[in-house]
Amino acid sequence: MLRLLRRITITLAVGLVVGLTALVVVATVYEDEVKERLIGALNERLLAPVQVGEVELTLIKRFPRASIRMSEVLVHEVRTDGAPADTLLAAQDLYLEFNLWDLFGGSYTVGSIHGQGVRLYAGLDGNGAENYIIWRSDSTAAESSPIDLRSVSFDELTVRFRDARNNLEVLAEHDALELSGRFGATSEASLSGDARLLGIWKEGEQLLDEREAQVALTMRFGEGEFRIMEGDVQLAKVPLRVTLAVTGTTGGKEIDLRANGLGLDLERTVAQLPASVRDALSRFSLSGEADLAVKYAGPLEGDGPPLSIGAQVRQGRMKERKSGVSFSEIHGALSLELAADGGMRKLKVNDLRAVSQGGSLRADWNSGGLKDAPVKADIRCDMPLAELLRFAGVDSLEQAAGQLTADIKLDGTLRDMSDLRVSDLRAVKVNGHVALSDATLKVKGLRHSVQHVNAEMALHGNDATVRGLKAVVQGSPIELGGTLRNLVPFVLFENERLVIEAKGRSERLDLAALLQSDAPTASTSDYAVVLPATIELDLRAQVDELVFEDFRATGITGTIRLKDRVLRASPITFSTAEGAVLGSLELDASGGERAAFYPLAIDAQVKDIDVKALFREFQDFGQDFIGHRHLSGTARASIVFHAPLSPAMRLDRDRIACTIDLAVDDGAITQQAQLLAVADHLR
């Protein structure tokens, strides 16, 4: 048995050597004849000169087919614009293949061409003429030509397409690509293989970046047109059906490219969109499915036609990566149009519906792109405020909670949707209705949060009219009604001012709680007067009762204004110590939190004040020589008071300037031994 295997092995080896030797001998015998005939026929067909390093007949390298191998092949382009011709094709090896048995019959026809290490630089010259039309279609030797192509294949093919008129450039690579069919004046062929798009550029700016694909196309080309009748493209696992027509008209060439896919993976589909669209969605993770339709149709002259993309999204999910807030059950139709430079020209969203963890959102949006774009939108939501703000990336509020119900309409022009500024909002009409339920809000720069906010607001541009706002601040209930000017920019952007023009009322205010310091080690008697720089106030106030430690005032009415951290209360009236006060107050905190003292000015008219009660409420004005336990009677006074007040609510006594015109009725000093001793001495 072993001897039989050895004989078979030796026989096969001898046969292989003999076969190879025979092929080499046959190639040597027929090489000159085949080269002369095929190279001659090739030159008859070509309009451009071809440079070849070496030419040989090989029966082994492409066995079982015979082939003429041409190495270091260089073909120049054909131009009509007068510019010097550049490279059209450069190949490490090109094989002109034909049937091995045709050698012995003396008649052989090249049926296929195979290239290895090929670079193809196709394009349009300055006149819009193809630089790759180098094959003669009217050769007189056509009928007897030994070249009758049925297939063209490549290993390691690099393709570059460049339009000299607008500097459009497309670059792609292929590991293996095969084109099969009938080639002539009008050719029909099938193309299959891989494709790796390296990018699309225009005027040096990248419009589309790298992506992988598998292609299977049925094409027809020749006589000034190119068509893909049927095409299946697997673009990074996104399957698309493709058709294409490039035709010549009296006005130049026109293109009509269509692609569509059904039930596509939403995340993979978005990843294939141009960077200008994809980057705008980079904050979100996506899932779900979509039906996609793509259209690129119009004249190729000038900047070229726009790219239109339409999608129908079903069962989508969108999650904001940083905050984790997500919307599910997303349904809706999207259409957008991109200009030749990749910029968005139109964006339309119809009947968008989504569900968040705590509510729902519906929207319609129609805009003319991203820059200088006319916008019309209708947004309706009923969801937690915190979810909406975090999903939208709004961080101007330090704390937000509660339920938001909104029905908002936008109409206007936005300068740049990707770089929204306050001035842009003034060009947009905003109308609608917003309601907050049991909300908690804390604005950056303000010490305390506003809790249990319940309000209804009508939006008019950047302003809002408030009806029946109720809230609690540090345990003090307040009611507000009026206008909040610049509200929308204040919510969306940091360091924006909010102007409050309103009427306010409170049953009871605890001033100590409002002024209490927020330092971690602060006690209940530590205060910090900080007036916000981003809020302006024009408030007609009514407070039933105000308390501050031992001080108590009732029936407070007046006008309070705050601007640039300067607080003015004028005129203001209230009752305290069984009497009445009419006056004004100004506190200048414009020096900010670093200031040691704020200038304080008080001008007051006091009537029928109980002296004992007055001294008691003001804690004997910080001294114990003569206090409320020593005094009785009623007083009338005119007071002008100026002094520096520290943020901790302490007066600089060395700089107090006070003028008092005082009258006391039925006054008495009792139980003050020192003053009584002086009185006895005077008597």
# chains A, B, ... in the order shown; residues from 1 in each chain; ligands from 1
call {"tool": "residues_around", "arguments": {"residues": "Glu507 of chain A", "least_positions_apart": "4", "cutoff": "8 Å", "atoms": "only C-alpha atoms", "output": "list of chain:residue names"}}
result
A:Pro477, A:Ile478, A:Val543, A:Asp544, A:Glu545
call {"tool": "write_last_selection", "arguments": {"atoms": "all heavy atoms", "output": "compact mmCIF listing (two decimals), in the first residue's frame"}}
result
# COMPACT_ATOMS: atom_id res chain seq x y z
N PRO A 477 -44.91 82.08 52.47
CA PRO A 477 -45.73 81.97 51.26
C PRO A 477 -45.83 83.31 50.54
O PRO A 477 -45.94 84.37 51.18
CB PRO A 477 -47.09 81.52 51.80
CG PRO A 477 -47.13 82.08 53.18
CD PRO A 477 -45.72 82.07 53.70
N ILE A 478 -45.81 83.28 49.22
CA ILE A 478 -45.95 84.49 48.42
C ILE A 478 -46.91 84.22 47.28
O ILE A 478 -47.06 83.08 46.81
CB ILE A 478 -44.60 85.01 47.87
CG1 ILE A 478 -43.95 83.94 46.96
CG2 ILE A 478 -43.66 85.40 48.99
CD1 ILE A 478 -42.72 84.43 46.24
N VAL A 543 -47.81 92.98 52.38
CA VAL A 543 -47.45 91.93 53.32
C VAL A 543 -48.28 92.12 54.58
O VAL A 543 -48.24 93.19 55.21
CB VAL A 543 -45.94 91.97 53.66
CG1 VAL A 543 -45.59 90.86 54.64
CG2 VAL A 543 -45.10 91.86 52.40
N ASP A 544 -49.01 91.09 54.91
CA ASP A 544 -49.85 91.20 56.11
C ASP A 544 -49.01 91.27 57.37
O ASP A 544 -49.33 92.04 58.30
CB ASP A 544 -50.81 90.01 56.18
CG ASP A 544 -51.81 90.01 55.03
OD1 ASP A 544 -51.96 91.06 54.38
OD2 ASP A 544 -52.43 88.96 54.78
N GLU A 545 -47.96 90.49 57.44
CA GLU A 545 -47.11 90.49 58.62
C GLU A 545 -45.68 90.19 58.22
O GLU A 545 -45.41 89.27 57.45
CB GLU A 545 -47.59 89.45 59.64
CG GLU A 545 -46.75 89.43 60.91
CD GLU A 545 -47.18 88.34 61.87
OE1 GLU A 545 -47.65 87.27 61.39
OE2 GLU A 545 -47.04 88.52 63.09
call {"tool": "residues_around", "arguments": {"residues": "Glu337 of chain A", "least_positions_apart": "5", "cutoff": "6 Å", "atoms": "only C-alpha atoms", "output": "PyMOL selection string"}}
result
chain A and resi 307-308+344-346
call {"tool": "select_by_dssp", "arguments": {"residues": "segment 405-623 of chain A", "states": "strand (DSSP E)", "output": "MDAnalysis selection string"}}
result
chainID A and resid 405:416 428:443 450:460 463:473 476:485 498:506 509:510 535:548 551:563 566:576 579:588 598:610
call {"tool": "residues_around", "arguments": {"residues": "His331 of chain A", "least_positions_apart": "3", "cutoff": "8 Å", "atoms": "only C-alpha atoms", "output": "count of residues only"}}
result
9
